[in-house]
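Quick look at entry.csv (CSV, C-alpha atoms):
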chain,number,residue,atom,x,y,z
A,34,MET,CA,0.0,0.0,0.0
A,35,ARG,CA,1.2,3.5,-0.9
A,36,ASN,CA,0.9,6.4,1.5
A,37,ILE,CA,0.0,9.6,-0.2
A,38,LYS,CA,0.3,13.1,1.3
A,39,VAL,CA,-2.0,15.8,-0.2
A,40,LEU,CA,-2.1,19.5,0.3
A,41,VAL,CA,-5.6,20.9,-0.1
A,42,GLU,CA,-7.3,24.3,0.3
A,43,TYR,CA,-11.0,24.9,0.9
A,44,ASP,CA,-13.7,27.5,1.6
A,45,GLY,CA,-15.4,26.1,4.6
A,46,THR,CA,-18.6,28.2,4.3
A,47,ASN,CA,-20.9,25.4,3.1
A,48,TYR,CA,-19.4,22.6,5.3
A,49,HIS,CA,-20.0,21.3,8.8
A,50,GLY,CA,-16.2,21.2,9.4
A,51,PHE,CA,-13.5,18.9,8.2
A,52,GLN,CA,-14.4,15.7,9.9
A,53,ARG,CA,-17.0,13.3,8.5
A,54,GLN,CA,-20.3,13.4,10.5
A,55,ILE,CA,-22.3,10.4,11.5
A,56,ASP,CA,-25.5,12.0,10.1
A,57,ASP,CA,-23.8,12.4,6.7
A,58,LEU,CA,-23.8,16.2,6.7
A,59,PRO,CA,-21.6,17.8,4.1
A,60,THR,CA,-18.0,17.9,5.3
A,61,ILE,CA,-14.6,18.3,3.7
A,62,GLN,CA,-13.5,14.8,4.6
A,63,LYS,CA,-16.7,13.3,3.0
A,64,SER,CA,-16.1,15.2,-0.2
A,65,LEU,CA,-12.4,14.1,-0.3
A,66,GLU,CA,-13.1,10.5,0.4
A,67,GLU,CA,-15.8,10.3,-2.2
A,68,ALA,CA,-13.7,11.9,-4.9
A,69,LEU,CA,-10.7,9.7,-4.1
A,70,GLY,CA,-12.8,6.6,-3.9
A,71,GLN,CA,-13.9,7.2,-7.5
A,72,LEU,CA,-10.3,7.7,-8.6
A,73,VAL,CA,-8.6,4.7,-7.0
A,74,LYS,CA,-11.6,2.3,-7.2
A,75,HIS,CA,-11.7,1.4,-3.5
A,76,PRO,CA,-13.0,3.0,-0.3
A,77,VAL,CA,-10.6,5.6,1.1
A,78,THR,CA,-10.2,7.0,4.6
A,79,VAL,CA,-8.3,10.3,4.7
A,80,THR,CA,-6.4,11.4,7.8
A,81,GLY,CA,-6.3,15.2,8.2
A,82,SER,CA,-3.7,17.2,10.1
A,83,GLY,CA,-6.5,18.3,12.3
A,84,ARG,CA,-10.2,19.2,12.4
A,85,THR,CA,-11.4,22.6,11.3
A,86,ASP,CA,-14.9,23.6,12.6
A,87,ALA,CA,-17.9,24.5,10.5
A,88,GLY,CA,-17.3,27.7,8.5
A,89,VAL,CA,-13.5,27.7,9.0
A,90,HIS,CA,-11.3,27.8,5.9
A,91,ALA,CA,-7.9,26.4,4.9
A,92,ARG,CA,-5.2,27.3,2.5
A,93,GLY,CA,-2.7,24.7,3.8
A,94,GLN,CA,-4.6,21.7,5.1
A,95,VAL,CA,-2.7,18.4,4.8
A,96,PHE,CA,-4.1,14.8,4.7
A,97,ASN,CA,-2.8,11.4,3.9
A,98,PHE,CA,-4.4,8.2,2.7
A,99,PHE,CA,-3.3,4.7,1.7
A,100,THR,CA,-4.0,3.1,-1.6
A,101,ASP,CA,-2.8,0.3,-3.9
A,102,CYS,CA,-3.7,2.4,-7.0
A,103,ARG,CA,-0.7,3.1,-9.3
A,104,ILE,CA,-1.8,6.6,-10.4
A,105,PRO,CA,1.4,8.7,-10.1
A,106,ALA,CA,1.1,11.0,-7.0
A,107,GLU,CA,1.8,14.1,-9.0
A,108,ARG,CA,-1.2,13.5,-11.3
A,109,LEU,CA,-3.7,13.1,-8.4
A,110,PRO,CA,-4.5,16.8,-7.8
A,111,LEU,CA,-5.7,17.4,-11.3
A,112,ALA,CA,-7.7,14.2,-11.3
A,113,MET,CA,-9.2,15.0,-7.9
A,114,ASN,CA,-10.1,18.5,-8.9
A,115,SER,CA,-12.2,17.2,-11.8
A,116,LEU,CA,-14.4,15.4,-9.2
A,117,LEU,CA,-14.3,17.8,-6.2
A,118,PRO,CA,-16.7,20.8,-5.8
A,119,GLY,CA,-15.3,24.2,-6.7
A,120,ASP,CA,-14.8,25.2,-3.1
A,121,ILE,CA,-12.3,22.5,-2.4
A,122,ALA,CA,-9.0,22.2,-4.4
A,123,ALA,CA,-6.1,19.8,-4.2
A,124,LYS,CA,-2.9,21.6,-4.7
A,125,GLU,CA,0.0,19.1,-4.4
A,126,ALA,CA,0.5,15.4,-3.7
A,127,GLN,CA,3.5,13.2,-3.1
A,128,GLU,CA,4.2,9.6,-2.0
A,129,VAL,CA,5.6,9.5,1.5
A,130,SER,CA,6.9,6.8,3.9
A,131,PRO,CA,4.4,4.4,5.4
A,132,SER,CA,5.1,6.0,8.9
A,133,PHE,CA,3.9,9.4,7.9
A,134,HIS,CA,0.8,10.6,9.7
A,135,ALA,CA,-0.8,13.9,8.7
A,136,GLN,CA,-1.6,14.7,12.3
A,137,PHE,CA,1.0,13.1,14.5
A,138,SER,CA,4.0,13.9,12.2
A,139,ALA,CA,3.2,17.6,12.3
A,140,ARG,CA,5.7,19.9,14.1
A,141,SER,CA,3.5,23.0,14.1
A,142,LYS,CA,0.5,24.6,12.5
A,143,VAL,CA,-0.1,28.2,11.5
A,144,TYR,CA,-3.6,29.8,11.7
A,145,ARG,CA,-4.6,33.3,10.7
A,146,TYR,CA,-7.6,35.2,11.8
A,147,HIS,CA,-8.8,38.1,9.6
A,148,ILE,CA,-10.7,41.0,11.2
A,149,TYR,CA,-12.4,43.6,9.0
A,150,ASN,CA,-12.1,46.7,11.1
A,151,SER,CA,-14.3,49.4,9.6
A,152,ARG,CA,-17.4,51.3,10.5
A,153,THR,CA,-19.2,49.8,7.6
A,154,PRO,CA,-19.1,46.1,6.6
A,155,SER,CA,-17.8,44.7,3.3
A,156,ALA,CA,-20.0,42.7,1.0
A,157,PHE,CA,-16.9,40.9,-0.4
A,158,GLU,CA,-15.1,40.1,2.9
A,159,ARG,CA,-18.1,38.9,4.9
A,160,LEU,CA,-17.5,35.2,4.4
A,161,TYR,CA,-13.8,35.4,5.2
A,162,SER,CA,-13.5,37.9,8.0
A,163,TYR,CA,-15.1,39.1,11.2
A,164,HIS,CA,-16.5,42.6,10.9
A,165,VAL,CA,-15.6,44.8,13.9
A,166,PRO,CA,-16.8,48.4,13.6
A,167,GLN,CA,-15.3,49.7,16.8
A,168,GLY,CA,-12.0,51.4,16.9
A,169,LEU,CA,-9.2,49.2,18.3
A,170,ASP,CA,-6.0,50.0,20.2
A,171,ILE,CA,-3.5,47.9,18.2
A,172,GLU,CA,-0.6,48.5,20.5
A,173,LYS,CA,-2.5,47.2,23.4
A,174,ILE,CA,-3.4,44.1,21.4
A,175,ARG,CA,0.3,43.6,20.6
A,176,ALA,CA,1.2,43.9,24.3
A,177,ALA,CA,-1.5,41.4,25.3
A,178,ALA,CA,-0.4,39.0,22.5
A,179,GLY,CA,3.1,39.0,24.1
A,180,HIS,CA,1.7,37.3,27.2
A,181,LEU,CA,0.6,34.3,25.2
A,182,VAL,CA,3.9,33.5,23.4
A,183,GLY,CA,5.8,30.6,24.9
A,184,GLU,CA,4.8,27.3,26.6
A,185,HIS,CA,1.7,27.8,28.8
A,186,ASP,CA,-1.4,26.0,30.1
A,187,PHE,CA,-4.1,27.4,27.8
A,188,THR,CA,-7.1,26.1,29.9
A,189,ALA,CA,-8.6,29.6,29.9
A,190,PHE,CA,-8.5,29.6,26.1
A,191,ARG,CA,-10.1,26.2,25.4
A,192,ALA,CA,-13.8,25.6,24.8
A,193,ALA,CA,-15.9,23.0,26.6
A,194,GLY,CA,-15.9,19.6,24.9
A,195,SER,CA,-12.2,19.4,24.2
A,196,CYS,CA,-10.9,15.9,24.7
A,197,ALA,CA,-7.2,16.8,24.6
A,198,ARG,CA,-5.2,15.0,27.3
A,199,THR,CA,-3.3,18.2,28.3
A,200,SER,CA,-4.0,21.9,27.8
A,201,VAL,CA,-0.3,22.8,27.7
A,202,ARG,CA,0.8,24.2,24.3
A,203,HIS,CA,3.8,26.1,22.9
A,204,VAL,CA,2.9,29.2,20.9
A,205,TYR,CA,6.0,30.0,18.8
A,206,ARG,CA,4.7,33.3,17.5
A,207,LEU,CA,1.7,35.5,17.6
A,208,ASP,CA,1.9,38.2,15.0
A,209,ILE,CA,-0.4,41.3,14.8
A,210,GLU,CA,-0.6,42.9,11.3
A,211,TYR,CA,-2.7,46.0,10.9
A,212,MET,CA,-3.3,47.3,7.4
A,213,PRO,CA,-6.5,49.3,7.8
A,214,PRO,CA,-9.2,48.1,7.5
A,215,HIS,CA,-7.6,44.6,7.7
A,216,LEU,CA,-6.3,43.2,11.0
A,217,TYR,CA,-4.5,39.8,10.8
A,218,ILE,CA,-3.7,37.7,13.9
A,219,THR,CA,-1.3,34.9,13.0
A,220,ILE,CA,-0.6,32.2,15.5
A,221,GLU,CA,1.9,29.3,15.1
A,222,ALA,CA,2.0,26.6,17.8
A,223,ASN,CA,2.9,23.0,18.3
A,224,GLY,CA,-0.8,22.3,18.6
A,225,PHE,CA,-4.2,23.9,19.4
A,226,LEU,CA,-7.0,23.2,21.8
A,227,TYR,CA,-10.6,23.3,20.7
A,228,ASN,CA,-11.5,26.9,19.7
A,229,MET,CA,-8.2,28.1,21.1
A,230,VAL,CA,-7.4,30.5,18.3
A,231,ARG,CA,-10.9,31.9,18.2
A,232,ILE,CA,-11.0,32.5,22.0
A,233,ILE,CA,-7.5,34.1,21.9
A,234,THR,CA,-8.8,36.4,19.1
A,235,GLY,CA,-12.0,37.3,21.1
A,236,THR,CA,-9.8,38.1,24.1
A,237,LEU,CA,-7.4,40.3,22.1
A,238,LEU,CA,-10.3,42.1,20.6
A,239,TYR,CA,-11.6,42.8,24.1
A,240,VAL,CA,-8.2,44.3,24.9
A,241,GLY,CA,-8.4,46.4,21.7
A,242,LYS,CA,-11.8,47.7,22.7
A,243,GLY,CA,-10.7,48.6,26.2
A,244,LYS,CA,-12.7,45.9,28.0
A,245,LEU,CA,-9.5,44.2,29.3
A,246,THR,CA,-6.0,45.2,29.9
A,247,PRO,CA,-2.9,43.4,28.4
A,248,ASP,CA,-1.8,42.4,31.9
A,249,GLU,CA,-5.1,40.8,32.6
A,250,VAL,CA,-4.6,38.5,29.6
A,251,GLY,CA,-1.4,37.3,31.3
A,252,GLU,CA,-3.3,36.7,34.5
A,253,PHE,CA,-5.8,34.5,32.6
A,254,VAL,CA,-3.0,32.3,31.5
A,255,ASN,CA,-2.1,31.7,35.2
A,256,SER,CA,-5.7,31.4,36.5
A,257,GLY,CA,-6.9,28.9,33.8
A,258,ARG,CA,-10.5,30.3,34.2
A,259,ARG,CA,-12.3,30.2,30.8
A,260,GLU,CA,-15.0,32.6,32.1
A,261,GLU,CA,-12.4,35.4,32.6
A,262,ALA,CA,-11.2,35.4,29.0
A,263,GLY,CA,-13.0,37.0,26.1
A,264,PRO,CA,-15.7,35.5,23.8
A,265,THR,CA,-15.1,33.0,21.0
A,266,ALA,CA,-14.7,34.9,17.7
A,267,PRO,CA,-16.9,33.6,14.9
A,268,PRO,CA,-15.5,30.9,12.5
A,269,GLN,CA,-15.5,32.7,9.2
A,270,GLY,CA,-12.4,34.8,10.0
A,271,LEU,CA,-10.2,31.8,10.7
A,272,CYS,CA,-8.0,30.0,8.2
A,273,LEU,CA,-5.5,27.2,8.5
A,274,MET,CA,-2.6,28.6,6.6
A,275,GLU,CA,0.2,25.9,6.9
A,276,VAL,CA,1.1,22.7,8.6
A,277,LYS,CA,4.9,22.2,9.1
A,278,TYR,CA,6.6,18.8,9.2

Represent the structure contained in this file as structure tokens.
Amino acid sequence: MRNIKVLVEYDGTNYHGFQRQIDDLPTIQKSLEEALGQLVKHPVTVTGSGRTDAGVHARGQVFNFFTDCRIPAERLPLAMNSLLPGDIAAKEAQEVSPSFHAQFSARSKVYRYHIYNSRTPSAFERLYSYHVPQGLDIEKIRAAAGHLVGEHDFTAFRAAGSCARTSVRHVYRLDIEYMPPHLYITIEANGFLYNMVRIITGTLLYVGKGKLTPDEVGEFVNSGRREEAGPTAPPQGLCLMEVKY
């Protein structure tokens, strides 16, 4: 059996997340497995680098699957794209060692959250950003972000329902880019808890609006109390940018 690694991007607007659902709702995994099954002529199970929630997008999602089909790996993206819906696109594919696992072999992941910071909304950005009409103190947001870089227990920034064995994660970088009206929050870490990026984003926005101070964000890291942090930002602004191996 060959182990094939595939890079894929998708618009998550019309999907109930990446993972296949038991009630057969539309998901990214379901679409990928159906397309690949037609190509390789046997049932396929894809293993993603991680789950993305309903409405979340990806430019750099990675998955792997096993097959005995002899189609050259480099030809798979074009063949897949002829069968996939237009909001999912395979970009690259390569044959990898049998031990490669899209999730467990990953060293880090990079997510970006896009905020459209303008008094008026954008008809074109509405599916790919979170509209925030209030003025934001960007320097305070940067100061708060500094408290989250490094290895910490992110219990205060995880949603209920997470099944992770530990809430300790190492955030390698948390970059704040402001190009009015666009605000980008980019986070790279060795792993993420359920809704962690969206809760961090909601907390940083509370700082930018003056509802929290940067130092309070540092206190939340130590307290581990979810109710003290900010709200969970909506899904459409979040995009998985890259998985590093």

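Counting all atoms listed in the file and comparing A:Cys102, A:Val95, A:Val201, A:Leu117, the residue that lies closest to A:Glu66 is A:Leu117.
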
At a cut-off of 6 Å, can you tabulate as CSV every residue of stretch 104-209 of chain A near stretch 219-238 of chain A together with its closest atom pair and the distance in Å to one decimal, using all atoms listed in the file and ordering rows by chain then number?
residue,atom,partner,partner_atom,distance
A:Arg140,CA,A:Asn223,CA,5.9
A:Ser141,CA,A:Asn223,CA,4.2
A:Lys142,CA,A:Glu221,CA,5.6
A:Val143,CA,A:Glu221,CA,4.3
A:Tyr144,CA,A:Ile220,CA,5.4
A:Arg145,CA,A:Thr219,CA,4.3
A:Ile174,CA,A:Leu237,CA,5.6
A:Phe190,CA,A:Met229,CA,5.2
A:Arg191,CA,A:Met229,CA,5.1
A:Ala192,CA,A:Tyr227,CA,5.7
A:Ser195,CA,A:Tyr227,CA,5.5
A:His203,CA,A:Ala222,CA,5.4
A:Val204,CA,A:Ala222,CA,4.1
A:Tyr205,CA,A:Ala222,CA,5.3
A:Arg206,CA,A:Glu221,CA,5.4
A:Leu207,CA,A:Ile220,CA,4.5
A:Asp208,CA,A:Thr219,CA,5.0

If you measure from atom CA of A:Gly243 to atom CA of A:Gly257, what distance in Å do you get, rounded to one decimal? 21.5 Å

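Counting all atoms listed in the file and comparing A:Gly50, A:Pro154, A:Gly241, A:Pro264, the residue that lies closest to A:Ala91 is A:Gly50.
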
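Closest to A:Val89 among A:Arg103, A:His49, A:Lys74, A:Lys124 is A:His49, based on all atoms listed in the file.
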
Report the distance between atom CA of A:Ser151 and atom CA of A:Lys173 in Å, rounded to one decimal place. 18.3 Å

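The two atoms in question, atom CA of A:Arg152 and atom CA of A:Ala177, are spaced 23.9 Å apart.
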
Of the residues A:Ser138, A:Asn150, A:Gln269, A:Asn47, which is the one nearest to A:Asp120, using all atoms listed in the file? A:Asn47

In the coordinates of the file, take the point (-12.3, 36.5, 8.5) and a cut-off of 10 Å; then, counting all atoms listed in the file, name each qualifying protein, DNA or RNA residue as a VMD selection string. chain A and resid 89 to 90 145 to 149 158 to 164 215 to 217 266 to 272

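The residue that comes closest to A:Arg175, out of A:Thr246, A:Thr188, A:Ser115, A:Ser200 and on the basis of all atoms listed in the file, is A:Thr246.
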
Residues near A:Val41, anyone? I mean within 8 Å using all atoms listed in the file, not counting same-chain ones fewer than 6 positions away, as a list in words. Ala91, Arg92, Gly93, Gln94, Val95, Phe96, Ile121, Ala122, Ala123, Lys124 and Glu125 of chain A

Return the single residue from A:Gly88, A:Pro76, A:Gly70, A:Gly81 that is closest to A:Met113, with distances computed using only C-alpha atoms. A:Gly70
